[in-house]
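Content type mmCIF, C-alpha atoms, pLDDT in the B column; chains and numbers go by the auth columns, from the file work_0.cif:
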data_entry
loop_
_atom_site.group_PDB
_atom_site.id
_atom_site.type_symbol
_atom_site.label_atom_id
_atom_site.label_comp_id
_atom_site.label_asym_id
_atom_site.label_seq_id
_atom_site.Cartn_x
_atom_site.Cartn_y
_atom_site.Cartn_z
_atom_site.B_iso_or_equiv
_atom_site.auth_seq_id
_atom_site.auth_asym_id
ATOM 1 C CA MET A 1 -85.069 38.847 75.781 79.00 37 A
ATOM 2 C CA ALA A 2 -85.376 37.124 72.403 83.00 38 A
ATOM 3 C CA LEU A 3 -84.102 38.811 69.237 86.00 39 A
ATOM 4 C CA ALA A 4 -85.126 38.535 65.583 86.00 40 A
ATOM 5 C CA ARG A 5 -82.512 37.960 62.874 90.00 41 A
ATOM 6 C CA CYS A 6 -82.610 36.404 59.420 89.00 42 A
ATOM 7 C CA LYS A 7 -80.491 33.375 58.548 87.00 43 A
ATOM 8 C CA THR A 8 -78.172 35.568 56.456 91.00 44 A
ATOM 9 C CA CYS A 9 -77.371 37.931 59.355 91.00 45 A
ATOM 10 C CA GLY A 10 -77.173 34.932 61.687 88.00 46 A
ATOM 11 C CA SER A 11 -77.054 34.677 65.437 88.00 47 A
ATOM 12 C CA PRO A 12 -77.152 38.063 67.194 86.00 48 A
ATOM 13 C CA GLN A 13 -74.017 39.053 69.081 82.00 49 A
ATOM 14 C CA GLY A 14 -74.897 41.024 72.203 77.00 50 A
ATOM 15 C CA LEU A 15 -72.570 42.556 74.757 78.00 51 A
ATOM 16 C CA LYS A 16 -74.051 40.547 77.631 85.00 52 A
ATOM 17 C CA GLN A 17 -75.900 37.663 75.946 87.00 53 A
ATOM 18 C CA THR A 18 -75.378 35.102 73.217 88.00 54 A
ATOM 19 C CA TYR A 19 -78.265 33.799 71.136 89.00 55 A
ATOM 20 C CA PRO A 20 -77.374 30.294 69.919 90.00 56 A
ATOM 21 C CA HIS A 21 -80.913 28.899 69.425 89.00 57 A
ATOM 22 C CA PHE A 22 -83.301 29.938 66.660 85.00 58 A
ATOM 23 C CA HIS A 23 -86.970 29.118 66.195 85.00 59 A
ATOM 24 C CA THR A 24 -89.721 29.930 63.724 77.00 60 A
ATOM 25 C CA LEU A 25 -93.140 31.399 64.313 72.00 61 A
ATOM 26 C CA PRO A 26 -96.131 29.060 63.971 68.00 62 A
ATOM 27 C CA SER A 27 -97.285 28.912 60.340 63.00 63 A
ATOM 28 C CA SER A 28 -100.894 29.426 61.492 56.00 64 A
ATOM 29 C CA LEU A 29 -100.057 33.031 62.399 59.00 65 A
ATOM 30 C CA ASN A 30 -100.344 35.619 59.673 56.00 66 A
ATOM 31 C CA ILE A 31 -97.395 37.605 61.070 66.00 67 A
ATOM 32 C CA LYS A 32 -94.056 38.339 59.472 73.00 68 A
ATOM 33 C CA VAL A 33 -91.207 39.282 61.772 80.00 69 A
ATOM 34 C CA LEU A 34 -88.400 41.196 60.109 83.00 70 A
ATOM 35 C CA CYS A 35 -84.731 40.884 60.897 86.00 71 A
ATOM 36 C CA GLY A 36 -83.707 43.320 63.631 83.00 72 A
ATOM 37 C CA SER A 37 -80.291 43.958 62.116 85.00 73 A
ATOM 38 C CA ARG A 38 -79.651 47.411 60.672 82.00 74 A
ATOM 39 C CA ASN A 39 -80.420 47.821 56.969 86.00 75 A
ATOM 40 C CA CYS A 40 -81.938 44.330 56.678 88.00 76 A
ATOM 41 C CA ALA A 41 -85.564 43.697 55.721 86.00 77 A
ATOM 42 C CA ARG A 42 -85.468 39.901 55.375 88.00 78 A
ATOM 43 C CA HIS A 43 -87.825 37.515 57.170 85.00 79 A
ATOM 44 C CA GLY A 44 -86.595 37.095 60.736 85.00 80 A
ATOM 45 C CA PHE A 45 -86.347 34.064 62.966 87.00 81 A
ATOM 46 C CA ILE A 46 -86.550 34.235 66.743 88.00 82 A
ATOM 47 C CA TRP A 47 -83.195 33.686 68.441 90.00 83 A
ATOM 48 C CA LEU A 48 -83.170 32.655 72.109 92.00 84 A
ATOM 49 C CA THR A 49 -80.532 32.814 74.820 91.00 85 A
ATOM 50 C CA LYS A 50 -79.510 29.622 76.644 92.00 86 A
ATOM 51 C CA GLU A 51 -81.813 30.553 79.543 93.00 87 A
ATOM 52 C CA GLU A 52 -84.739 31.194 77.188 92.00 88 A
ATOM 53 C CA GLU A 53 -84.056 27.907 75.417 93.00 89 A
ATOM 54 C CA GLN A 54 -84.390 26.106 78.769 95.00 90 A
ATOM 55 C CA GLN A 55 -87.726 27.870 79.314 94.00 91 A
ATOM 56 C CA TYR A 56 -88.758 26.790 75.812 92.00 92 A
ATOM 57 C CA LEU A 57 -87.826 23.167 76.567 93.00 93 A
ATOM 58 C CA HIS A 58 -90.031 23.345 79.671 95.00 94 A
ATOM 59 C CA GLY A 59 -93.070 24.471 77.652 92.00 95 A
ATOM 60 C CA HIS A 60 -92.783 28.269 77.686 89.00 96 A
ATOM 61 C CA ARG A 61 -93.612 29.618 74.217 85.00 97 A
ATOM 62 C CA ALA A 62 -94.189 33.387 74.654 84.00 98 A
ATOM 63 C CA PHE A 63 -91.130 35.638 74.334 84.00 99 A
ATOM 64 C CA ARG A 64 -90.837 39.405 73.950 79.00 100 A
ATOM 65 C CA ILE A 65 -88.772 41.055 71.242 78.00 101 A
ATOM 66 C CA PRO A 66 -87.079 44.320 72.337 70.00 102 A
ATOM 67 C CA ASN A 67 -88.050 47.694 70.838 56.00 103 A
ATOM 68 C CA ARG A 68 -91.293 46.311 69.455 53.00 104 A
ATOM 69 C CA ASP A 69 -94.782 46.020 70.893 52.00 105 A
ATOM 70 C CA LEU A 70 -94.884 42.359 70.019 58.00 106 A
ATOM 71 C CA ASP A 71 -94.904 39.130 71.945 56.00 107 A
ATOM 72 C CA VAL A 72 -94.061 36.114 69.807 62.00 108 A
ATOM 73 C CA HIS A 73 -94.952 32.461 70.246 61.00 109 A
ATOM 74 C CA VAL A 74 -92.308 30.103 68.869 66.00 110 A
ATOM 75 C CA THR A 75 -92.831 26.549 67.646 60.00 111 A
#
Take the structure in the file and write it out as structure tokens.
Amino acid sequence: MALARCKTCGSPQGLKQTYPHFHTLPSSLNIKVLCGSRNCARHGFIWLTKEEEQQYLHGHRAFRIPNRDLDVHVT
């Protein structure tokens, strides 16, 4: 499951997953995703796991962010 973090907070560090790949939302969308790190309200980027990055490379663009009712499409 993709996560949102700003560039300042950097790549999320999960207990079971690493998130080495970040992407932006399409500029045509009028949506701002905030960083999911505690006490941070900066603009967030979508960080993908290695498995999600492979899906992305094969054309998949819709990913869910945990704890939010939001599906995001990355460019």
Of the listed residues A:Pro102, A:Ser73, A:Leu93, A:Glu87, that which approaches Ser47 in chain A most closely, counting all atoms listed in the file: A:Ser73
Pick from A:Ile82, A:Ala40, A:Cys76, A:Cys71, whichever lies nearest to His59 in chain A using only C-alpha atoms: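 When distances to His59 in chain A are compared using only C-alpha atoms, the smallest one comes from A:Ile82.
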Distance in Å - CA of Ala38 in chain A versus CA of Ala77 in chain A: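 Result for CA of Ala38 in chain A versus CA of Ala77 in chain A: 17.9 Å, one decimal.
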Kindly resolve the PyMOL selection byres ((chain A and resi 79) around 10) on the present coordinates and return the residues as a PDB file with C-alpha atoms, in the coordinates of the input.
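What landed in part02.pdb:
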ATOM      1  CA  ALA A  40     -85.126  38.535  65.583  1.00 86.00           C
ATOM      2  CA  ARG A  41     -82.512  37.960  62.874  1.00 90.00           C
ATOM      3  CA  CYS A  42     -82.610  36.404  59.420  1.00 89.00           C
ATOM      4  CA  LYS A  43     -80.491  33.375  58.548  1.00 87.00           C
ATOM      5  CA  THR A  44     -78.172  35.568  56.456  1.00 91.00           C
ATOM      6  CA  LYS A  68     -94.056  38.339  59.472  1.00 73.00           C
ATOM      7  CA  VAL A  69     -91.207  39.282  61.772  1.00 80.00           C
ATOM      8  CA  LEU A  70     -88.400  41.196  60.109  1.00 83.00           C
ATOM      9  CA  CYS A  71     -84.731  40.884  60.897  1.00 86.00           C
ATOM     10  CA  GLY A  72     -83.707  43.320  63.631  1.00 83.00           C
ATOM     11  CA  CYS A  76     -81.938  44.330  56.678  1.00 88.00           C
ATOM     12  CA  ALA A  77     -85.564  43.697  55.721  1.00 86.00           C
ATOM     13  CA  ARG A  78     -85.468  39.901  55.375  1.00 88.00           C
ATOM     14  CA  GLY A  80     -86.595  37.095  60.736  1.00 85.00           C
ATOM     15  CA  PHE A  81     -86.347  34.064  62.966  1.00 87.00           C
TER      16      PHE A  81
END
Atom pair CA of Phe58 in chain A / CA of His96 in chain A: separation (Å):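 Taking CA of Phe58 in chain A and CA of His96 in chain A, their separation equals 14.6 Å.
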Selection as a PyMOL selection string: residues within 9 Å of (-86.1, 30.7, 68.4), counting all atoms listed in the file: chain A and resi 38-40+55-61+81-85+88-89+92+110-111
Straight-line distance linking CA of Gln90 in chain A with CA of Met37 in chain A, stated in Å to one decimal: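 Computing the Euclidean distance for CA of Gln90 in chain A and CA of Met37 in chain A yields 13.1 Å.
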Taking all atoms of range 82-89 of chain A that the file lists and extending 5 Å past them on each side, where is the centre of the axis-aligned box and how long are its edges? Answer in Å to one decimal, as lines of an AutoDock Vina configuration file.
center_x = -83.0
center_y = 31.1
center_z = 73.1
size_x = 17.0
size_y = 16.3
size_z = 22.8
Complete the atom set of range 38-61 of chain A to N, CA and C atoms and return it as a tab-separated table (two decimals), in the frame of the given file.
chain	number	residue	atom	x	y	z
A	38	ALA	N	-85.61	37.69	73.73
A	38	ALA	CA	-85.38	37.12	72.40
A	38	ALA	C	-85.10	38.22	71.38
A	39	LEU	N	-84.38	37.88	70.33
A	39	LEU	CA	-84.10	38.81	69.24
A	39	LEU	C	-84.52	38.18	67.91
A	40	ALA	N	-84.76	39.01	66.92
A	40	ALA	CA	-85.13	38.53	65.58
A	40	ALA	C	-83.98	38.84	64.62
A	41	ARG	N	-83.53	37.81	63.91
A	41	ARG	CA	-82.51	37.96	62.87
A	41	ARG	C	-82.81	36.96	61.76
A	42	CYS	N	-82.44	37.32	60.55
A	42	CYS	CA	-82.61	36.40	59.42
A	42	CYS	C	-81.45	35.40	59.43
A	43	LYS	N	-81.56	34.38	58.60
A	43	LYS	CA	-80.49	33.38	58.55
A	43	LYS	C	-79.21	33.96	57.96
A	44	THR	N	-79.34	34.95	57.06
A	44	THR	CA	-78.17	35.57	56.46
A	44	THR	C	-77.37	36.35	57.49
A	45	CYS	N	-78.06	37.14	58.31
A	45	CYS	CA	-77.37	37.93	59.36
A	45	CYS	C	-76.90	37.02	60.49
A	46	GLY	N	-77.60	35.93	60.71
A	46	GLY	CA	-77.17	34.93	61.69
A	46	GLY	C	-77.44	35.29	63.13
A	47	SER	N	-76.86	34.53	64.00
A	47	SER	CA	-77.05	34.68	65.44
A	47	SER	C	-76.63	36.06	65.91
A	48	PRO	N	-77.51	36.75	66.66
A	48	PRO	CA	-77.15	38.06	67.19
A	48	PRO	C	-75.98	37.97	68.16
A	49	GLN	N	-75.15	38.98	68.15
A	49	GLN	CA	-74.02	39.05	69.08
A	49	GLN	C	-74.24	40.24	70.01
A	50	GLY	N	-74.68	39.97	71.22
A	50	GLY	CA	-74.90	41.02	72.20
A	50	GLY	C	-73.67	41.22	73.08
A	51	LEU	N	-73.68	42.29	73.84
A	51	LEU	CA	-72.57	42.56	74.76
A	51	LEU	C	-72.65	41.67	76.00
A	52	LYS	N	-73.87	41.33	76.42
A	52	LYS	CA	-74.05	40.55	77.63
A	52	LYS	C	-74.62	39.15	77.38
A	53	GLN	N	-75.23	38.93	76.23
A	53	GLN	CA	-75.90	37.66	75.95
A	53	GLN	C	-75.43	37.09	74.62
A	54	THR	N	-75.53	35.77	74.51
A	54	THR	CA	-75.38	35.10	73.22
A	54	THR	C	-76.72	34.48	72.88
A	55	TYR	N	-76.98	34.30	71.61
A	55	TYR	CA	-78.26	33.80	71.14
A	55	TYR	C	-78.04	32.61	70.20
A	56	PRO	N	-77.73	31.44	70.76
A	56	PRO	CA	-77.37	30.29	69.92
A	56	PRO	C	-78.55	29.50	69.35
A	57	HIS	N	-79.78	29.74	69.81
A	57	HIS	CA	-80.91	28.90	69.42
A	57	HIS	C	-81.93	29.70	68.63
A	58	PHE	N	-82.27	29.22	67.41
A	58	PHE	CA	-83.30	29.94	66.66
A	58	PHE	C	-84.53	29.08	66.45
A	59	HIS	N	-85.67	29.76	66.36
A	59	HIS	CA	-86.97	29.12	66.19
A	59	HIS	C	-87.79	29.91	65.18
A	60	THR	N	-88.82	29.27	64.66
A	60	THR	CA	-89.72	29.93	63.72
A	60	THR	C	-91.04	30.24	64.42
A	61	LEU	N	-91.80	31.12	63.82
A	61	LEU	CA	-93.14	31.40	64.31
A	61	LEU	C	-94.08	30.33	63.77
